[in-house]
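Enquirer: Could you have a look at this structure, given as structure tokens, before my questions?
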Amino acid sequence: QVQLVESGGASVQAGGSLRLSCAASGDTYSTNCMAWFRQAPGREREVVATIRTARGTPSYADSVKGRFTISQDNAKKTVLLQMSSLKPEDTAHYYCAAGWRLIGGYCPKEGYQYNYWGQGTQVTVSS
């Protein structure tokens, strides 16, 4: 089992920055991928960024490329999401996920491929 706890969500103005943190505990050695997803009211959950934990290889949704950066601190078992140039459309509940599945050697972008989820943290961006 893996436990995930997110933090760092807040209300900010457009153009601002936030850093989300996901602290992992438990059997983290079994996970190949960590990911951030988000879900806005009335919208489907979507992947924001993934990172292959063994190699630190990141991947991003087109909507956040160049603005968000996913990274990991292996010593602290923490995955970070640095968000900059925030837009109102980034407003959502952000979730951290962990899983062992790889698709063609890459971290999957579908939420159902992940085994563990945190409770999420709210990000609100006002214009």
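In the structure tokens, chains take the letters A, B, ... in the order shown, each chain's residues start at 1, and ligands count up from 1 in the order shown.
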Fewer than 3 positions away in the same chain doesn't count, so skip those; otherwise give me all residues within 12 Å of stretch 77-79 of chain A, counting only C-alpha atoms, as a VMD selection string.

Expert: chain A and resid 2 to 8 19 to 29 31 33 to 36 49 to 53 56 58 69 to 74 82 95 to 98

Enquirer: Work out how far atom CA of A:Ser85 is from atom CA of A:Tyr112, in Å to one decimal.

Expert: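 Going from atom CA of A:Tyr112 over to atom CA of A:Ser85 covers 29.1 Å.
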
Enquirer: Taking only C-alpha atoms into account, which of A:Lys76, A:Lys87, A:His93, A:Arg43 comes nearest A:Ser126?

Expert: A:Lys87

Enquirer: Name the closest residue to A:Ala10 among the candidates A:Gln119, A:Ser30, A:Gln113, A:Thr91; distances are taken between atoms, counting only C-alpha atoms.

Expert: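 Checking each of A:Gln119, A:Ser30, A:Gln113, A:Thr91 against A:Ala10, counting only C-alpha atoms, the winner is A:Thr91.
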
Enquirer: Do a neighbour search on A:Ser11 at 8 Å with only C-alpha atoms, toss out local chain neighbours closer than 3 positions, and write the hits as a list of chain:residue names.

Expert: A:Val123, A:Thr124, A:Val125, A:Ser126

Enquirer: When you count only C-alpha atoms, which of these residues is closest to A:Phe37: A:Leu102, A:Ala92, A:Ala75, A:Leu86?

Expert: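 Among the listed residues, A:Ala92 lies closest to A:Phe37.
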
Enquirer: Which one is closest to A:Arg55: A:Arg38, A:Trp117, A:Ala14, A:Tyr106? Count only C-alpha atoms.

Expert: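 Checking each of A:Arg38, A:Trp117, A:Ala14, A:Tyr106 against A:Arg55, counting only C-alpha atoms, the winner is A:Tyr106.
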
Enquirer: DSSP on the backbone, strand (DSSP E) only: what residues of stretch 2-100 of chain A does that give? Format it as a ChimeraX atom specification.

Expert: /A:2-7,11-13,18-26,33-39,46-52,57-60,68-73,78-83,92-99

Enquirer: Please compute the atom CA of A:Ser84-atom CA of A:Arg45 distance, one decimal, in Å.

Expert: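 Separating atom CA of A:Ser84 from atom CA of A:Arg45 is a distance of 20.6 Å.
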
Enquirer: Using only C-alpha atoms, which residue out of A:Asn32, A:Gly15, A:Tyr60, A:Val47 lies closest to A:Ile103?

Expert: A:Asn32

Enquirer: I need the residues in stretch 3-111 of chain A that are helix (DSSP H, G or I) according to DSSP; give them as a list in words.

Expert: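 Selection result, helix (DSSP H, G or I) within stretch 3-111 of chain A: Thr28, Tyr29, Ser30, Pro88, Glu89, Asp90 and Gly111 of chain A.
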
Enquirer: With C-alpha atoms retained, export the selected residues as a PDB file, in the first residue's frame.

Expert:
ATOM      1  CA  THR A  28       6.726   3.305  -2.605  1.00  0.00           C
ATOM      2  CA  TYR A  29       9.420   1.029  -4.046  1.00  0.00           C
ATOM      3  CA  SER A  30       6.690  -0.716  -6.060  1.00  0.00           C
ATOM      4  CA  PRO A  88      -8.174  30.796 -14.546  1.00  0.00           C
ATOM      5  CA  GLU A  89      -8.607  27.591 -16.527  1.00  0.00           C
ATOM      6  CA  ASP A  90      -6.068  25.930 -14.227  1.00  0.00           C
ATOM      7  CA  GLY A 111      -6.347   7.792 -14.305  1.00  0.00           C
TER       8      GLY A 111
END

Enquirer: Report, in Å to a single decimal, how far apart atom CA of A:Ser17 and atom CA of A:Arg67 are.

Expert: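 Atom CA of A:Arg67 sits 9.4 Å away from atom CA of A:Ser17.
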